[in-house]
Structures are given as C-alpha cells and as structure tokens.
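Undergrad: Sending over run_16.cif (mmCIF, C-alpha atoms).
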```cif
data_input
#
loop_
_atom_site.label_atom_id
_atom_site.label_comp_id
_atom_site.auth_asym_id
_atom_site.auth_seq_id
_atom_site.Cartn_x
_atom_site.Cartn_y
_atom_site.Cartn_z
CA MET K 16 12.40 25.72 -17.12
CA GLN K 17 12.87 28.71 -14.86
CA GLY K 18 13.08 28.22 -11.17
CA ALA K 19 15.14 25.04 -11.28
CA GLU K 20 18.06 27.07 -9.87
CA ILE K 21 16.46 26.69 -6.45
CA LEU K 22 17.92 23.20 -6.31
CA LEU K 23 21.41 24.69 -6.62
CA GLN K 24 20.93 27.25 -3.83
CA PRO K 25 23.39 26.63 -1.01
CA GLY K 26 21.94 24.28 1.56
CA VAL K 27 18.85 23.24 -0.34
CA PHE K 28 19.95 19.85 -1.59
CA PRO K 29 21.91 18.85 1.54
CA ARG K 30 18.88 19.72 3.67
CA LEU K 31 16.61 17.58 1.50
CA LEU K 32 19.08 14.72 1.90
CA GLN K 33 19.02 15.18 5.68
CA GLY K 34 15.23 14.99 5.52
CA LEU K 35 15.45 11.88 3.39
CA TRP K 36 17.74 10.37 6.03
CA VAL K 37 15.01 10.85 8.66
CA THR K 38 12.54 9.09 6.34
CA VAL K 39 14.94 6.22 5.70
CA TRP K 40 15.79 5.99 9.41
CA ILE K 41 12.12 5.65 10.45
CA ALA K 42 11.53 3.08 7.71
CA GLY K 43 14.73 1.17 8.54
CA VAL K 44 14.04 0.97 12.27
CA SER K 45 10.44 -0.07 11.56
CA VAL K 46 11.48 -2.79 9.14
CA GLY K 47 14.19 -4.00 11.54
CA LEU K 48 11.77 -4.26 14.48
CA SER K 49 9.05 -5.77 12.28
CA VAL K 50 11.19 -8.84 11.65
CA PRO K 51 11.22 -10.24 15.23
CA VAL K 52 7.58 -9.17 15.75
CA GLY K 53 6.59 -10.80 12.47
CA LEU K 54 8.38 -14.05 13.32
CA LEU K 55 6.65 -14.14 16.71
CA VAL K 56 3.23 -13.33 15.22
CA GLY K 57 3.72 -15.89 12.44
CA TRP K 58 4.63 -18.58 14.93
CA LEU K 59 1.65 -17.68 17.17
CA MET K 60 -0.66 -17.93 14.15
CA THR K 61 0.36 -21.52 13.48
CA LEU K 62 -0.60 -22.58 17.02
CA ARG K 63 -3.81 -24.55 17.53
CA ASN K 64 -4.90 -22.70 20.70
CA PRO K 65 -8.35 -21.24 19.84
CA LEU K 66 -7.94 -18.13 22.01
CA ILE K 67 -4.60 -17.22 20.43
CA ARG K 68 -6.05 -17.91 16.99
CA ILE K 69 -8.98 -15.54 17.54
CA LEU K 70 -6.78 -12.81 19.03
CA MET K 71 -4.33 -13.06 16.13
CA ARG K 72 -7.17 -13.03 13.60
CA ILE K 73 -8.65 -9.85 15.13
CA TYR K 74 -5.21 -8.20 15.29
CA LEU K 75 -4.39 -9.02 11.68
CA ASP K 76 -7.83 -8.13 10.28
CA PHE K 77 -8.04 -4.84 12.16
CA ILE K 78 -4.57 -3.74 11.06
CA ARG K 79 -5.29 -4.80 7.49
CA ILE K 80 -8.64 -3.07 7.11
CA MET K 81 -7.72 0.27 8.68
CA PRO K 82 -5.89 2.82 6.55
CA GLN K 83 -2.35 3.38 7.84
CA LEU K 84 -3.14 7.05 8.39
CA ALA K 85 -6.07 6.08 10.63
CA LEU K 86 -3.76 3.79 12.63
CA LEU K 87 -1.29 6.65 12.99
CA PHE K 88 -4.06 8.91 14.32
CA ILE K 89 -5.17 6.24 16.78
CA ALA K 90 -1.61 5.80 18.10
CA PHE K 91 -0.74 9.50 18.13
CA TYR K 92 -3.95 11.00 19.54
CA GLY K 93 -5.71 7.98 21.05
CA PHE K 94 -2.93 6.33 23.05
CA ALA K 95 -1.97 9.63 24.65
CA GLN K 96 -5.45 10.01 26.09
CA ALA K 97 -6.04 6.33 26.85
CA TRP K 98 -2.86 5.51 28.75
CA GLY K 99 -1.07 8.83 28.95
CA TRP K 100 1.59 7.63 26.51
CA ASN K 101 3.05 10.86 25.23
CA LEU K 102 4.57 9.34 22.15
CA ASP K 103 6.28 11.87 19.96
CA ALA K 104 5.30 11.78 16.31
CA THR K 105 8.34 9.71 15.33
CA GLY K 106 7.63 7.19 18.10
CA ALA K 107 3.99 6.90 17.02
CA CYS K 108 5.10 6.26 13.44
CA VAL K 109 7.58 3.56 14.40
CA LEU K 110 5.03 1.91 16.72
CA VAL K 111 2.35 1.81 14.00
CA PHE K 112 4.70 0.66 11.26
CA VAL K 113 6.04 -2.13 13.50
CA LEU K 114 2.52 -3.28 14.47
CA TRP K 115 1.49 -3.14 10.80
CA GLY K 116 4.69 -4.62 9.39
CA GLY K 117 4.67 -7.29 12.10
CA ALA K 118 1.11 -8.29 11.21
CA GLU K 119 1.77 -8.45 7.47
CA LEU K 120 5.09 -10.24 7.92
CA GLY K 121 3.50 -12.57 10.47
CA ASP K 122 0.93 -13.62 7.88
CA LEU K 123 3.74 -14.25 5.37
CA VAL K 124 5.64 -16.31 7.96
CA ARG K 125 2.49 -18.31 8.72
CA GLY K 126 1.93 -18.96 5.01
CA ALA K 127 5.55 -20.02 4.50
CA LEU K 128 5.56 -22.33 7.53
CA GLU K 129 2.25 -23.93 6.58
CA SER K 130 3.27 -24.40 2.95
CA ILE K 131 6.06 -26.78 3.95
CA PRO K 132 4.76 -30.33 3.60
CA LYS K 133 4.54 -32.56 6.64
CA SER K 134 6.76 -35.11 4.91
CA GLN K 135 9.70 -32.71 5.39
CA TYR K 136 9.32 -32.87 9.17
CA GLU K 137 8.78 -36.62 9.10
CA SER K 138 11.75 -37.26 6.82
CA ALA K 139 13.99 -35.12 9.04
CA TYR K 140 12.77 -37.08 12.08
CA VAL K 141 13.47 -40.40 10.38
CA LEU K 142 16.94 -39.19 9.41
CA GLY K 143 17.60 -38.59 13.11
CA LEU K 144 17.74 -34.79 13.10
CA SER K 145 16.97 -33.05 16.39
CA PRO K 146 13.99 -30.61 16.42
CA TRP K 147 16.38 -27.64 16.29
CA GLN K 148 18.37 -29.17 13.42
CA THR K 149 15.12 -29.88 11.59
CA PHE K 150 14.05 -26.26 11.98
CA SER K 151 17.37 -24.61 11.14
CA ARG K 152 18.59 -26.97 8.37
CA VAL K 153 15.38 -28.15 6.72
CA ILE K 154 12.41 -25.90 7.45
CA LEU K 155 14.01 -22.46 7.71
CA PRO K 156 15.89 -22.50 4.37
CA GLN K 157 12.70 -23.46 2.56
CA ALA K 158 10.54 -20.98 4.48
CA VAL K 159 12.96 -18.12 3.83
CA ARG K 160 12.81 -18.70 0.09
CA ARG K 161 9.05 -18.44 0.14
CA LEU K 162 9.16 -15.47 2.48
CA LEU K 163 11.91 -13.18 1.31
CA PRO K 164 10.57 -11.73 -1.98
CA ALA K 165 7.28 -10.67 -0.38
CA SER K 166 9.13 -9.31 2.67
CA VAL K 167 11.29 -7.06 0.51
CA ASN K 168 8.11 -5.79 -1.17
CA LEU K 169 6.70 -5.11 2.29
CA ALA K 170 9.82 -3.08 3.11
CA THR K 171 9.14 -0.96 0.00
CA ARG K 172 5.58 -0.37 1.18
CA ILE K 173 6.84 0.67 4.61
CA VAL K 174 9.25 3.19 3.05
CA LYS K 175 6.42 4.66 0.99
CA THR K 176 4.08 4.80 3.97
CA THR K 177 6.74 6.68 5.95
CA SER K 178 5.65 9.71 3.89
CA LEU K 179 2.56 9.91 6.14
CA ALA K 180 4.84 10.91 9.04
CA VAL K 181 4.71 14.51 7.78
CA LEU K 182 0.98 14.60 8.58
CA LEU K 183 1.79 14.01 12.27
CA GLY K 184 4.43 16.73 12.18
CA VAL K 185 7.66 14.75 11.81
CA VAL K 186 10.32 16.88 10.12
CA GLU K 187 11.25 14.47 7.34
CA VAL K 188 11.93 14.98 3.66
CA ILE K 189 8.49 16.35 2.72
CA LYS K 190 8.41 18.78 5.67
CA VAL K 191 11.93 19.98 4.83
CA GLY K 192 10.74 20.49 1.27
CA GLN K 193 7.81 22.57 2.48
CA GLN K 194 10.14 24.67 4.65
CA ILE K 195 12.40 25.31 1.67
CA ILE K 196 9.41 26.22 -0.50
CA ASP K 197 8.11 28.65 2.11
CA ALA K 198 11.50 30.23 2.68
CA HIS K 199 11.95 30.91 -1.05
CA ARG K 200 8.33 31.82 -1.87
CA PHE K 201 9.21 35.23 -3.36
CA GLU K 202 12.56 34.51 -5.02
CA PHE K 203 11.46 31.23 -6.59
CA PRO K 204 7.69 31.10 -7.03
CA THR K 205 7.90 27.85 -9.00
CA ALA K 206 9.80 26.09 -6.20
CA THR K 207 6.87 23.74 -5.39
CA LEU K 208 7.17 22.09 -8.78
CA TRP K 209 10.91 21.45 -8.44
CA ILE K 210 11.04 20.51 -4.78
CA TYR K 211 8.13 18.09 -4.92
CA GLY K 212 9.53 16.71 -8.18
CA VAL K 213 12.87 16.05 -6.49
CA ILE K 214 11.19 14.43 -3.45
CA PHE K 215 9.19 12.23 -5.83
CA PHE K 216 12.42 10.97 -7.38
CA MET K 217 14.14 10.62 -4.00
CA TYR K 218 11.45 8.16 -2.91
CA PHE K 219 11.78 6.43 -6.25
CA ILE K 220 15.55 6.05 -5.84
CA VAL K 221 15.10 4.50 -2.40
CA CYS K 222 12.25 2.14 -3.34
CA TRP K 223 13.15 1.08 -6.87
CA PRO K 224 16.26 -0.98 -5.96
CA LEU K 225 14.19 -2.80 -3.31
CA SER K 226 11.55 -3.64 -5.94
CA ILE K 227 14.23 -4.92 -8.29
CA VAL K 228 15.75 -7.12 -5.56
CA ALA K 229 12.30 -8.52 -4.74
CA ARG K 230 11.64 -9.34 -8.40
CA ARG K 231 15.05 -11.03 -8.82
CA LEU K 232 14.54 -13.17 -5.72
CA GLU K 233 11.06 -14.10 -6.90
CA LYS K 234 12.39 -15.24 -10.28
CA ARG K 235 15.35 -17.09 -8.88
CA TRP K 236 13.35 -19.06 -6.34
CA ALA K 237 10.12 -19.42 -8.31
CA HIS K 238 10.76 -23.01 -9.38
CA ASP K 239 12.17 -24.49 -6.19
CA MET A 3 -17.67 8.00 25.93
CA ASP A 4 -19.72 11.12 25.27
CA TRP A 5 -22.71 9.71 23.37
CA ALA A 6 -24.31 13.09 22.79
CA PHE A 7 -21.13 14.22 21.04
CA MET A 8 -21.08 11.11 18.90
CA THR A 9 -24.70 11.31 17.78
CA HIS A 10 -24.31 15.02 17.11
CA TYR A 11 -21.23 14.61 14.92
CA ALA A 12 -22.12 11.28 13.28
CA PRO A 13 -23.71 13.07 10.26
CA TYR A 14 -20.35 14.79 9.63
CA PHE A 15 -18.80 11.36 9.27
CA VAL A 16 -21.57 10.24 6.93
CA ASN A 17 -20.80 13.17 4.64
CA ALA A 18 -17.07 12.57 4.96
CA GLY A 19 -17.69 8.90 4.16
CA TYR A 20 -19.45 9.96 0.97
CA MET A 21 -16.40 12.02 0.01
CA THR A 22 -14.10 9.02 0.64
CA VAL A 23 -16.40 6.76 -1.40
CA PHE A 24 -16.76 9.34 -4.20
CA ILE A 25 -13.00 9.84 -4.60
CA SER A 26 -12.28 6.11 -4.26
CA PHE A 27 -15.00 5.07 -6.73
CA PHE A 28 -13.76 7.27 -9.56
CA GLY A 29 -10.13 6.65 -8.65
CA VAL A 30 -10.64 2.87 -8.79
CA LEU A 31 -12.68 3.11 -12.01
CA LEU A 32 -9.96 5.11 -13.78
CA ALA A 33 -7.29 2.83 -12.29
CA VAL A 34 -8.99 -0.25 -13.80
CA VAL A 35 -9.25 1.42 -17.22
CA LEU A 36 -5.62 2.54 -17.04
CA GLY A 37 -4.61 -0.91 -15.80
CA LEU A 38 -6.38 -2.63 -18.71
CA LEU A 39 -4.66 -0.35 -21.23
CA CYS A 40 -1.26 -0.94 -19.63
CA ALA A 41 -1.79 -4.71 -19.42
CA ALA A 42 -2.77 -4.76 -23.10
CA VAL A 43 0.36 -2.82 -24.06
CA GLU A 44 2.53 -5.08 -21.90
CA ILE A 45 1.16 -8.27 -23.43
CA THR A 46 1.29 -7.10 -27.03
CA ARG A 47 4.70 -5.47 -26.44
CA ILE A 48 4.07 -2.56 -28.80
CA PRO A 49 7.51 -0.89 -29.05
CA VAL A 50 7.95 2.60 -27.47
CA LEU A 51 4.52 2.32 -25.78
CA TYR A 52 5.81 -0.75 -23.93
CA GLN A 53 8.81 1.17 -22.58
CA ILE A 54 6.59 4.09 -21.56
CA VAL A 55 4.21 1.75 -19.71
CA ARG A 56 7.10 -0.01 -17.93
CA ALA A 57 8.56 3.33 -16.83
CA TYR A 58 5.13 4.49 -15.64
CA ILE A 59 4.59 1.27 -13.65
CA GLU A 60 7.98 1.54 -11.92
CA LEU A 61 7.43 5.24 -11.11
CA SER A 62 3.94 4.71 -9.81
CA ARG A 63 4.71 1.65 -7.67
CA ASN A 64 7.82 3.09 -6.07
CA THR A 65 6.57 6.50 -4.94
CA PRO A 66 4.06 7.39 -2.21
CA LEU A 67 0.60 8.71 -3.06
CA LEU A 68 1.11 11.69 -0.74
CA VAL A 69 4.06 12.97 -2.79
CA GLN A 70 2.18 12.31 -6.03
CA LEU A 71 -0.73 14.38 -4.70
CA TYR A 72 1.48 17.24 -3.52
CA PHE A 73 3.11 17.32 -6.93
CA LEU A 74 -0.27 17.37 -8.73
CA PHE A 75 -1.91 19.85 -6.37
CA PHE A 76 0.92 22.26 -5.53
CA GLY A 77 3.51 21.60 -8.24
CA LEU A 78 1.58 21.41 -11.50
CA PRO A 79 -0.19 24.80 -11.15
CA LYS A 80 3.28 26.35 -11.65
CA LEU A 81 3.17 24.88 -15.16
CA GLY A 82 -0.29 26.39 -15.65
CA VAL A 83 -2.13 23.12 -14.96
CA VAL A 84 -4.65 23.95 -12.25
CA TRP A 85 -6.94 21.16 -11.07
CA SER A 86 -9.41 21.11 -8.21
CA ALA A 87 -8.52 19.06 -5.13
CA GLU A 88 -11.13 16.44 -6.13
CA THR A 89 -9.64 16.09 -9.61
CA CYS A 90 -6.12 15.83 -8.18
CA ALA A 91 -7.24 13.16 -5.71
CA ILE A 92 -8.95 11.07 -8.39
CA ILE A 93 -6.07 11.42 -10.85
CA GLY A 94 -3.59 10.65 -8.08
CA LEU A 95 -5.43 7.48 -7.09
CA ALA A 96 -5.72 6.45 -10.73
CA PHE A 97 -2.01 7.10 -11.28
CA LEU A 98 -1.13 4.97 -8.25
CA GLY A 99 -3.74 2.26 -8.86
CA GLY A 100 -3.21 1.91 -12.62
CA SER A 101 0.09 0.11 -12.15
CA TYR A 102 -1.26 -2.22 -9.43
CA MET A 103 -4.33 -3.08 -11.54
CA SER A 104 -2.16 -3.62 -14.59
CA GLU A 105 0.05 -6.11 -12.74
CA ALA A 106 -2.99 -8.02 -11.43
CA LEU A 107 -4.70 -8.16 -14.85
CA ARG A 108 -1.49 -9.06 -16.69
CA GLY A 109 -0.82 -11.80 -14.17
CA GLY A 110 -4.29 -13.18 -14.89
CA LEU A 111 -3.83 -13.10 -18.66
CA GLU A 112 -0.40 -14.70 -18.48
CA ALA A 113 -1.61 -17.44 -16.18
CA VAL A 114 -3.87 -18.86 -18.89
CA PRO A 115 -1.92 -21.88 -20.21
CA THR A 116 -0.84 -21.91 -23.88
CA ILE A 117 -2.76 -25.12 -24.40
CA GLN A 118 -5.99 -23.14 -23.99
CA HIS A 119 -5.06 -20.92 -26.95
CA GLU A 120 -4.05 -23.94 -29.01
CA SER A 121 -7.14 -25.95 -28.15
CA ALA A 122 -9.38 -23.00 -29.06
CA GLN A 123 -7.61 -22.72 -32.39
CA MET A 124 -8.00 -26.45 -33.04
CA LEU A 125 -11.71 -26.21 -32.30
CA GLY A 126 -12.02 -23.54 -34.97
CA PHE A 127 -12.44 -20.44 -32.79
CA SER A 128 -11.30 -17.19 -34.35
CA LYS A 129 -8.73 -15.18 -32.35
CA ALA A 130 -11.39 -12.74 -31.12
CA GLN A 131 -13.81 -15.53 -30.19
CA ALA A 132 -11.11 -17.43 -28.34
CA PHE A 133 -10.14 -14.30 -26.43
CA ILE A 134 -13.70 -13.38 -25.42
CA HIS A 135 -15.07 -16.84 -24.67
CA ILE A 136 -12.07 -18.78 -23.46
CA ILE A 137 -9.09 -16.65 -22.45
CA LEU A 138 -10.74 -13.62 -20.82
CA PRO A 139 -13.04 -15.53 -18.41
CA GLN A 140 -10.12 -17.58 -17.11
CA ALA A 141 -7.85 -14.54 -16.92
CA LEU A 142 -10.42 -12.55 -14.95
CA SER A 143 -11.00 -15.49 -12.64
CA THR A 144 -7.30 -15.59 -11.77
CA ALA A 145 -7.05 -11.79 -11.56
CA ILE A 146 -10.04 -11.20 -9.26
CA PRO A 147 -8.30 -11.75 -5.89
CA GLY A 148 -5.56 -9.30 -6.92
CA VAL A 149 -8.04 -6.75 -8.22
CA VAL A 150 -10.14 -6.96 -5.04
CA ALA A 151 -7.03 -6.51 -2.89
CA ASN A 152 -6.11 -3.47 -4.99
CA VAL A 153 -9.58 -1.93 -4.60
CA ILE A 154 -9.31 -2.21 -0.81
CA PHE A 155 -5.76 -0.86 -0.96
CA LEU A 156 -6.90 2.16 -3.00
CA VAL A 157 -9.85 2.97 -0.73
CA LYS A 158 -7.44 2.90 2.22
CA GLU A 159 -4.91 5.03 0.37
CA SER A 160 -7.64 7.60 -0.30
CA SER A 161 -7.29 8.59 3.38
CA VAL A 162 -4.28 10.63 2.26
CA VAL A 163 -6.41 13.11 0.27
CA SER A 164 -7.14 14.96 3.52
CA ALA A 165 -3.64 16.40 3.02
CA ILE A 166 -4.86 18.44 0.04
CA ALA A 167 -7.80 19.81 2.04
CA LEU A 168 -10.52 17.41 0.93
CA ALA A 169 -13.07 16.89 3.71
CA ASP A 170 -12.81 13.10 3.89
CA VAL A 171 -13.03 10.92 7.00
CA MET A 172 -9.48 11.66 8.19
CA TYR A 173 -9.96 15.39 7.71
CA VAL A 174 -13.14 15.51 9.81
CA THR A 175 -11.51 13.39 12.53
CA LYS A 176 -8.51 15.67 12.79
CA ASP A 177 -10.77 18.71 12.81
CA LEU A 178 -12.92 17.40 15.65
CA ILE A 179 -9.92 16.30 17.72
CA GLY A 180 -8.38 19.72 17.23
CA MET A 181 -11.53 21.67 18.04
CA TYR A 182 -13.12 19.74 20.91
CA TYR A 183 -10.43 17.34 22.16
CA ASP A 184 -13.02 14.54 22.15
CA THR A 185 -10.36 12.14 20.96
CA TYR A 186 -12.03 8.82 21.84
CA GLU A 187 -15.33 9.74 20.30
CA SER A 188 -13.77 11.07 17.09
CA LEU A 189 -11.47 8.05 16.70
CA THR A 190 -14.36 5.65 17.37
CA LEU A 191 -16.44 7.35 14.67
CA LEU A 192 -13.42 7.20 12.35
CA ILE A 193 -13.00 3.45 12.91
CA ILE A 194 -16.74 2.81 12.46
CA THR A 195 -16.87 4.84 9.25
CA TYR A 196 -13.97 2.96 7.68
CA LEU A 197 -15.40 -0.39 8.77
CA VAL A 198 -18.77 0.54 7.22
CA ILE A 199 -17.03 1.41 3.95
CA LEU A 200 -14.43 -1.36 3.81
CA LEU A 201 -16.10 -4.43 5.34
CA PRO A 202 -18.79 -4.69 2.60
CA ILE A 203 -16.11 -4.33 -0.09
CA SER A 204 -14.06 -7.04 1.58
CA ILE A 205 -17.08 -9.38 1.92
CA VAL A 206 -18.29 -8.82 -1.66
CA GLY A 207 -14.72 -9.38 -2.82
CA THR A 208 -14.52 -12.73 -1.03
CA LEU A 209 -17.89 -13.77 -2.53
CA LEU A 210 -16.70 -12.76 -6.02
CA GLU A 211 -13.51 -14.76 -5.56
CA ARG A 212 -15.52 -17.85 -4.59
CA ARG A 213 -18.06 -17.41 -7.37
CA PHE A 214 -15.45 -16.98 -10.10
CA ASP A 215 -12.66 -19.33 -9.10
CA TYR A 216 -13.39 -21.75 -11.96
CA ALA A 217 -9.93 -21.26 -13.49
CA ARG A 218 -8.39 -23.16 -10.60
CA ARG A 219 -10.98 -25.90 -10.33
#
```
Give the structure from the file, written as structure tokens.

TA:
Amino acid sequence: MQGAEILLQPGVFPRLLQGLWVTVWIAGVSVGLSVPVGLLVGWLMTLRNPLIRILMRIYLDFIRIMPQLALLFIAFYGFAQAWGWNLDATGACVLVFVLWGGAELGDLVRGALESIPKSQYESAYVLGLSPWQTFSRVILPQAVRRLLPASVNLATRIVKTTSLAVLLGVVEVIKVGQQIIDAHRFEFPTATLWIYGVIFFMYFIVCWPLSIVARRLEKRWAHD
Amino acid sequence: MDWAFMTHYAPYFVNAGYMTVFISFFGVLLAVVLGLLCAAVEITRIPVLYQIVRAYIELSRNTPLLVQLYFLFFGLPKLGVVWSAETCAIIGLAFLGGSYMSEALRGGLEAVPTIQHESAQMLGFSKAQAFIHIILPQALSTAIPGVVANVIFLVKESSVVSAIALADVMYVTKDLIGMYYDTYESLTLLIITYLVILLPISIVGTLLERRFDYARR
C-alpha cells in the first residue's frame, strides 16, 4: 500500500481534523438552531387555523421534495439576487440546514404531540394540574420519548448533508482534503485514495455513535 | 423573469432531467436488489455474511454520498479500478441505497406476526408456499411506505452527482448561473424540473401505499 505515508506528513492529519471541526461546527449550530425552530413549527402545525395549516403544509412539502443541494443553491445564489442578502457560503448552509431541520423536526413534534391521547389532558385537568404543569409534567415527557430517537437520526442526516457545503466553497474537511491532494500531487500520486478514505471514516466516526444512541433510545422506549 | 431565456434553455433542463432520471433509475434498481440480498442475509443470519452485511449497512448509512462518490471516482483509479462517472454515480447510489432498502424490507418481513407462519403451517402450506403466498405479500405491504420514501430520498441524493462532472439538473443550473447570471430563471427551471421528476413519484407512491395497505387492515 504505497502512498499511505502521506497521512503521516507533518500537518496533514491536524489540518484534516481542523476541516472536520468546521464540518462539525456547521452541523452542530444547525442542529442547535433547528430545535427551537422545529418546536415552533411543530406547535404551529397542530393549530386549527386554516391559513397557518396551508402555509405550514407548503413549507414542509417544498422543503421535503427539493434536494438539499437545490435548496443550498436557492439560498446561496437566489437570495443574494432577490433581497441582496450576501450570505457567505457557511451562512447559506446554516440557513438551509435550519429551515430543513426545523421542518423535519417540526413534523416529528407534530406527530408526537398528536399521538398523545386526549385522555391524558383530561386526566391532568381532573387531577387539578395547571395548563403549564400538564404540559411540562405530563405531555412533554411522553412527547420527548416519541421524538428523541428520530431527532437523533435527523442530526446524523444533517451531519452527512454538511458535506454539500464544499460545493458552495466552504473550506471544510473535503476541501482541506482536496488542497492536501493538490499540494502533494507529484510526491504522492495515490493521495486521493488515502485522503478520501480517511475523510470517509471521519464522517463515519462522527455519525456512527449518533446512530447507536438513536437505536438504543428507540429500543428502550419502544414499549412505553 | 426573462421568458425568452427560460424557453431557450428549457431543453437543457429536459436533457439534464433525463440524466437525473437515468442515474436514479439504475441506482434505485441496484439498491433494491442489494437491499433484498442484505435483508435475506440479515433474516437468515448466515454467519460471516451476516457480519459483513451489518458492517456494510453501518458504513453506508453513516457516510455522505458525496464522499462515497469522490472515493469511487477519484480514489479507486489509484488502485487501477477506473469507472466512468455514470458507473460511479450508479454504484454510489446503490451503495448508499442498499442499506436503506435493506432496513425497510427487513422491517416489513419482521413485522409479519409469528402466528401467520404457524397458521400457514397448520393449514398444510409448505415453507416456500407460505413465504410466497402469505408472508411476502404482507411484508411488502408493510415495507412499501419505507421503500417509497427511500426512492424519493435516492432521487434527491442523485443531485450530488454533479460533483463528479455529470450533466444533471444541478450541473446545468450552476453552469447557467455562472455563464449568464440569470439566477432567477435558472433556479426556477431547476425547481420545476425537480418537481416534474419527484411529484409523480410521490403521488404514485401514495397510491401504492393505499392500494397495498392490507397488512394493517
């Protein structure tokens, strides 16, 4: 396996890790901001107001049916021309991932809220709990159990989708890899194989634990 | 909106749409075959093969398609394996989709209650008969929503193949924005093209789900 020495060249591995940090940062910020947006969207979707219902339906369906890369293009190229928002590539990524994550999470929140039987609300009322107590002590704990496994899976999908950032020109782990490959083209002609192989496993190491957590939660709460 | 621009470049998007459909069709087809094989191995738990399939599923589900494609298209030639961009795209989609399809199909098979197997046996069905006439129809019925969702997911993921220089819808859009700066028009055509491809799949999927939901009735 000649050429693997490229990974041991000074600076190569630390730089890849710095790139990975950018990837994880974008994904982390997006997931973090998706949570409040998702809760808001989920709550809006349970409302009976027909106008809100239709708007939410269009928002969710449009986000769901468009490829994430298409959404990124719309935000990066379209918004700049439409409203003069000069989002940098990182900003466009975070915006799209939050709108997308918020929509998906919102649908999960809606499903979780609607799956809780009416009798739970009525029983809480009869027991003399205030609306806030009902929500925080009775509804929320049950909703979270139905919500959390799928949300962790969504986080994994957001991390994987962060790879598209390179196509808008964000200098994240893939871009750093390409720079390393180009810089060592003549010394290490087989660098592409090793660098892309390492990036493949870097994504795996970030996403796999999340998948395992999601599966554990699913199993633990499956029979509640 | 510059309508002349849009009508002039619409045929480009038709061609690009064909490329997206072509790659997605064969990618999905191979993914279903791969998924069936993996589901079969997972259910029968053939030693060694089972471990290989589990490892494959974890690797495929926890890595992005873009990195898989770069590895296939730029990495593998260094080992002497040179594939065209089309082949890489189809194999990449199949590699990604195989694990998703396998999970959906396995879920369907496992959801068939044991009593169905036992009842079939009591009624004198052979194992093969029971599988074909009783288990498989119910398993497919449960698996269809997952499979449909995966097909849509894979068609959407195929947008990434523009990164290995395949002239799909994304590629043409980026080209036109770069060359003429007609951003609105190009993005509108992009949205229309994806809607034309994906809405029918979504509608047919919903109809299939309704038609075949007898396992839950």

Undergrad: Given a cut-off of 10 Å, which residues of chain A touch chain K, counting all atoms listed in the file, written out as a VMD selection string?

TA: chain A and resid 60 to 81 154 to 162 164 to 165 171 to 172 175 to 176 179 183 to 190 192 to 193 196 to 197 200 to 201 204

Undergrad: Give me the result of the PyMOL selection byres ((chain A and resi 38) around 9) on this file, residue by residue, as a PDB file with C-alpha atoms, keeping the file's coordinate frame.

TA:
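For reference, part.pdb as written:
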```pdb
ATOM      1  CA  ALA A  33      -7.290   2.830 -12.290  1.00  0.00           C
ATOM      2  CA  VAL A  34      -8.990  -0.250 -13.800  1.00  0.00           C
ATOM      3  CA  VAL A  35      -9.250   1.420 -17.220  1.00  0.00           C
ATOM      4  CA  LEU A  36      -5.620   2.540 -17.040  1.00  0.00           C
ATOM      5  CA  GLY A  37      -4.610  -0.910 -15.800  1.00  0.00           C
ATOM      6  CA  LEU A  39      -4.660  -0.350 -21.230  1.00  0.00           C
ATOM      7  CA  CYS A  40      -1.260  -0.940 -19.630  1.00  0.00           C
ATOM      8  CA  ALA A  41      -1.790  -4.710 -19.420  1.00  0.00           C
ATOM      9  CA  ALA A  42      -2.770  -4.760 -23.100  1.00  0.00           C
ATOM     10  CA  VAL A  43       0.360  -2.820 -24.060  1.00  0.00           C
ATOM     11  CA  GLY A 100      -3.210   1.910 -12.620  1.00  0.00           C
ATOM     12  CA  MET A 103      -4.330  -3.080 -11.540  1.00  0.00           C
ATOM     13  CA  SER A 104      -2.160  -3.620 -14.590  1.00  0.00           C
ATOM     14  CA  LEU A 107      -4.700  -8.160 -14.850  1.00  0.00           C
ATOM     15  CA  ARG A 108      -1.490  -9.060 -16.690  1.00  0.00           C
TER      16      ARG A 108
END
```

Undergrad: Could you work out how far atom CA of Leu114 of chain K lies from atom CA of Asn152 of chain A, giving the answer in Å with one decimal?

TA: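 Result for atom CA of Asn152 of chain A versus atom CA of Leu114 of chain K: 21.3 Å, one decimal.
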
Undergrad: For the provided coordinates, the residues matched by the PyMOL selection byres ((chain A and resi 30) around 8) should be stated as an MDAnalysis selection string.

TA: chainID A and resid 26:29 31:34 95:96 99 153 156

Undergrad: For the selection you just gave me, I'd like the residues written to a file as a compact mmCIF listing (two decimals), keeping the file's coordinate frame, keeping C-alpha atoms.

TA:
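The resulting selection_31.txt:
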```txt
# COMPACT_ATOMS: atom_id res chain seq x y z
CA SER A 26 -12.28 6.11 -4.26
CA PHE A 27 -15.00 5.07 -6.73
CA PHE A 28 -13.76 7.27 -9.56
CA GLY A 29 -10.13 6.65 -8.65
CA LEU A 31 -12.68 3.11 -12.01
CA LEU A 32 -9.96 5.11 -13.78
CA ALA A 33 -7.29 2.83 -12.29
CA VAL A 34 -8.99 -0.25 -13.80
CA LEU A 95 -5.43 7.48 -7.09
CA ALA A 96 -5.72 6.45 -10.73
CA GLY A 99 -3.74 2.26 -8.86
CA VAL A 153 -9.58 -1.93 -4.60
CA LEU A 156 -6.90 2.16 -3.00
```

Undergrad: Spell out the residues picked by the PyMOL selection byres ((chain A and resi 115) around 12) here, as JSON, numbers by chain.

TA: {"A": [109, 110, 111, 112, 113, 114, 116, 117, 118, 119, 120, 121, 122, 136, 137, 140, 141, 144, 217, 218]}

Undergrad: Grab the atom CA of His199 of chain K to atom CA of Val27 of chain K distance for me, in Å with one decimal place.

TA: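 Taking atom CA of His199 of chain K as the start and atom CA of Val27 of chain K as the end point, the length is 10.3 Å.
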